[in-house]
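To start, the structure itself, in structure tokens.
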Amino acid sequence: MTLTVEATTLKVQLQLADGWFTACDLNALSPGRGAAALLPDGRQVALFRDRADRLYAIDNRDPFTGAAVLSRGLTGTHEGRPFVASPLLKQRFDLASGECLDDETVRVTAYEVRAA
């Protein structure tokens with residue numbers, strides 16, 4: 001039996017102020033795991049692909065600690081909302097909106113994302 005890597009030309013793109021930015025190949029994202037990408041302005045974004053192939057992108061910087069670690073967090077759902085839990089202090093951030101599920105006064109930027 002021979003296994004081959006799935007080949008696709010789809011790219012993960014984020015909507016930034018000046019247009020769509022290509023972050024990576026879609027195949028670079030494993031369902032249920034995050035990946036970090038560097039934006040043109042030097043900030044980092046955390047990219048996620050869930051098991052239903054939905055894509056999410058939020059700031060990678062944890063606002064509680066200042067560390068760029070959200071891409072390394074554990075993903076899950078709470079009341080139907082997909083989230084990532086920071087690997088440091090465990091606060092959960094909604095992947096669609098960036099809202100902190102544990103402190104409504106805190107949020108990270110959420111980006112519009114597509115595979116094109």
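Chain identifiers are assigned as A, B, and so on, following the order in which chains appear in the structure tokens; residues are numbered from 1 within each chain, and ligands are numbered from 1 in order of appearance.
Once Leu10 in chain A and its same-chain neighbours fewer than 2 positions away are set aside, Ala7, Thr8, Val12, Gln13, Cys24, Asp25, Leu26, Asn27, Arg114, Ala115 and Ala116 of chain A remain within 10 Å of it when counting only C-alpha atoms.
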Surrounding residues of range 67-72 of chain A excluding itself and chain neighbours under 4 positions, 9 Å, only C-alpha atoms, as a VMD selection string: chain A and resid 33 to 36 44 to 48 58 to 63 84 to 88 93
For the residues in the current selection, export C-alpha atoms as a PDB file, in the first residue's frame.
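Ended up saving to selection_37.pdb:
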ATOM      1  CA  ARG A  33      -4.385  22.027  15.842  1.00  0.00           C
ATOM      2  CA  GLY A  34      -3.158  25.584  15.501  1.00  0.00           C
ATOM      3  CA  ALA A  35      -0.322  27.136  13.533  1.00  0.00           C
ATOM      4  CA  ALA A  36       1.292  30.567  13.763  1.00  0.00           C
ATOM      5  CA  GLN A  44       1.556  37.020  14.551  1.00  0.00           C
ATOM      6  CA  VAL A  45      -1.735  35.320  13.781  1.00  0.00           C
ATOM      7  CA  ALA A  46      -2.947  31.942  15.061  1.00  0.00           C
ATOM      8  CA  LEU A  47      -4.594  29.849  12.342  1.00  0.00           C
ATOM      9  CA  PHE A  48      -6.965  26.967  13.017  1.00  0.00           C
ATOM     10  CA  ILE A  58      -7.096  35.262  15.622  1.00  0.00           C
ATOM     11  CA  ASP A  59      -4.169  37.196  17.078  1.00  0.00           C
ATOM     12  CA  ASN A  60      -1.548  34.797  18.406  1.00  0.00           C
ATOM     13  CA  ARG A  61      -0.714  37.066  21.369  1.00  0.00           C
ATOM     14  CA  ASP A  62      -2.338  36.092  24.679  1.00  0.00           C
ATOM     15  CA  PRO A  63      -3.592  39.405  26.131  1.00  0.00           C
ATOM     16  CA  VAL A  84      -8.880  27.886  21.833  1.00  0.00           C
ATOM     17  CA  ALA A  85      -7.647  27.786  25.424  1.00  0.00           C
ATOM     18  CA  SER A  86      -4.393  29.595  26.081  1.00  0.00           C
ATOM     19  CA  PRO A  87      -1.678  27.092  27.047  1.00  0.00           C
ATOM     20  CA  LEU A  88      -0.505  29.423  29.825  1.00  0.00           C
ATOM     21  CA  PHE A  93     -10.994  32.657  23.196  1.00  0.00           C
TER      22      PHE A  93
END
DSSP strand (DSSP E) residues within range 30-94 of chain A, as an NGL selection string: :A and (34-38 or 44-49 or 55-59 or 74-78 or 81-85 or 92-94)
Nearest to Asp103 in chain A by atom-to-atom distance, counting only C-alpha atoms, from A:Phe83, A:Phe64, A:Leu39, A:Leu74: A:Phe64
Spatial neighbours of Asp53 in chain A, 10 Å, only C-alpha atoms, chain gap at least 3 places, as a short mmCIF file (atom, residue, chain, number, x, y, z; two decimals) with N, CA, C and O atoms, in the first residue's frame:
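Saved as out24.cif:
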data_model
loop_
_atom_site.label_atom_id
_atom_site.label_comp_id
_atom_site.auth_asym_id
_atom_site.auth_seq_id
_atom_site.Cartn_x
_atom_site.Cartn_y
_atom_site.Cartn_z
N LEU A 26 -3.25 25.38 2.57
CA LEU A 26 -4.30 24.76 3.38
C LEU A 26 -3.81 23.46 4.01
O LEU A 26 -4.11 23.16 5.16
N LEU A 29 -2.30 23.14 7.63
CA LEU A 29 -3.12 23.17 8.85
C LEU A 29 -3.73 21.81 9.10
O LEU A 29 -4.48 21.29 8.27
N SER A 30 -3.44 21.24 10.25
CA SER A 30 -4.02 19.96 10.67
C SER A 30 -5.30 20.23 11.44
O SER A 30 -5.30 21.09 12.33
N PRO A 31 -6.38 19.52 11.13
CA PRO A 31 -7.62 19.73 11.89
C PRO A 31 -7.41 19.54 13.39
O PRO A 31 -6.75 18.60 13.83
N GLY A 32 -7.93 20.50 14.16
CA GLY A 32 -7.84 20.44 15.61
C GLY A 32 -6.56 20.99 16.21
O GLY A 32 -6.39 21.01 17.42
N PHE A 48 -6.37 28.23 12.59
CA PHE A 48 -6.97 26.97 13.02
C PHE A 48 -7.86 26.43 11.91
O PHE A 48 -8.52 27.18 11.21
N ARG A 49 -7.88 25.11 11.80
CA ARG A 49 -8.77 24.38 10.89
C ARG A 49 -9.46 23.33 11.73
O ARG A 49 -8.79 22.50 12.36
N ASP A 50 -10.79 23.37 11.79
CA ASP A 50 -11.48 22.38 12.62
C ASP A 50 -11.76 21.12 11.80
O ASP A 50 -11.47 21.04 10.61
N TYR A 56 -10.28 29.44 10.93
CA TYR A 56 -10.35 30.56 11.87
C TYR A 56 -8.97 31.20 11.97
O TYR A 56 -7.95 30.53 11.82
N ALA A 115 -10.16 29.91 2.19
CA ALA A 115 -9.27 29.06 1.41
C ALA A 115 -9.55 29.38 -0.05
O ALA A 115 -10.70 29.28 -0.50
#
Counting only C-alpha atoms, the residue of A:Pro82, A:Gly73, A:Thr105, A:Gly66 that sits nearest Ala52 in chain A: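 Looking at the shortest contact to Ala52 in chain A, the residue is A:Pro82.
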Residue contacts of Gly19 in chain A (12 Å, only C-alpha atoms) excluding same-chain residues fewer than 4 positions away, as a ChimeraX atom specification: /A:13-15,40,111-113
Contacts of Gln91 in chain A within 8 Å, only C-alpha atoms, excl. fewer than 6 positions in-chain, as a ChimeraX atom specification: /A:85,100-102
Write the residues you've just listed into a file as an mmCIF file, in the first residue's frame, and include C-alpha atoms for each of them.
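Listed below is the output, part31.cif:
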data_model
loop_
_atom_site.group_PDB
_atom_site.id
_atom_site.type_symbol
_atom_site.label_atom_id
_atom_site.label_comp_id
_atom_site.auth_asym_id
_atom_site.auth_seq_id
_atom_site.Cartn_x
_atom_site.Cartn_y
_atom_site.Cartn_z
ATOM 1 C CA ALA A 85 -7.647 27.786 25.424
ATOM 2 C CA CYS A 100 -12.605 35.803 25.802
ATOM 3 C CA LEU A 101 -15.189 33.354 27.140
ATOM 4 C CA ASP A 102 -13.816 33.753 30.671
#
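All residues of chain A that DSSP, run on the backbone, classes as helix (DSSP H, G or I) are Leu26, Asn27, Ala28, Leu70, Ser71 and Arg72 of chain A.
Shortest atom-to-atom contact with His78 in chain A among A:Ala57, A:Thr65, A:Arg92, A:Ala110: A:Arg92, counting only C-alpha atoms.
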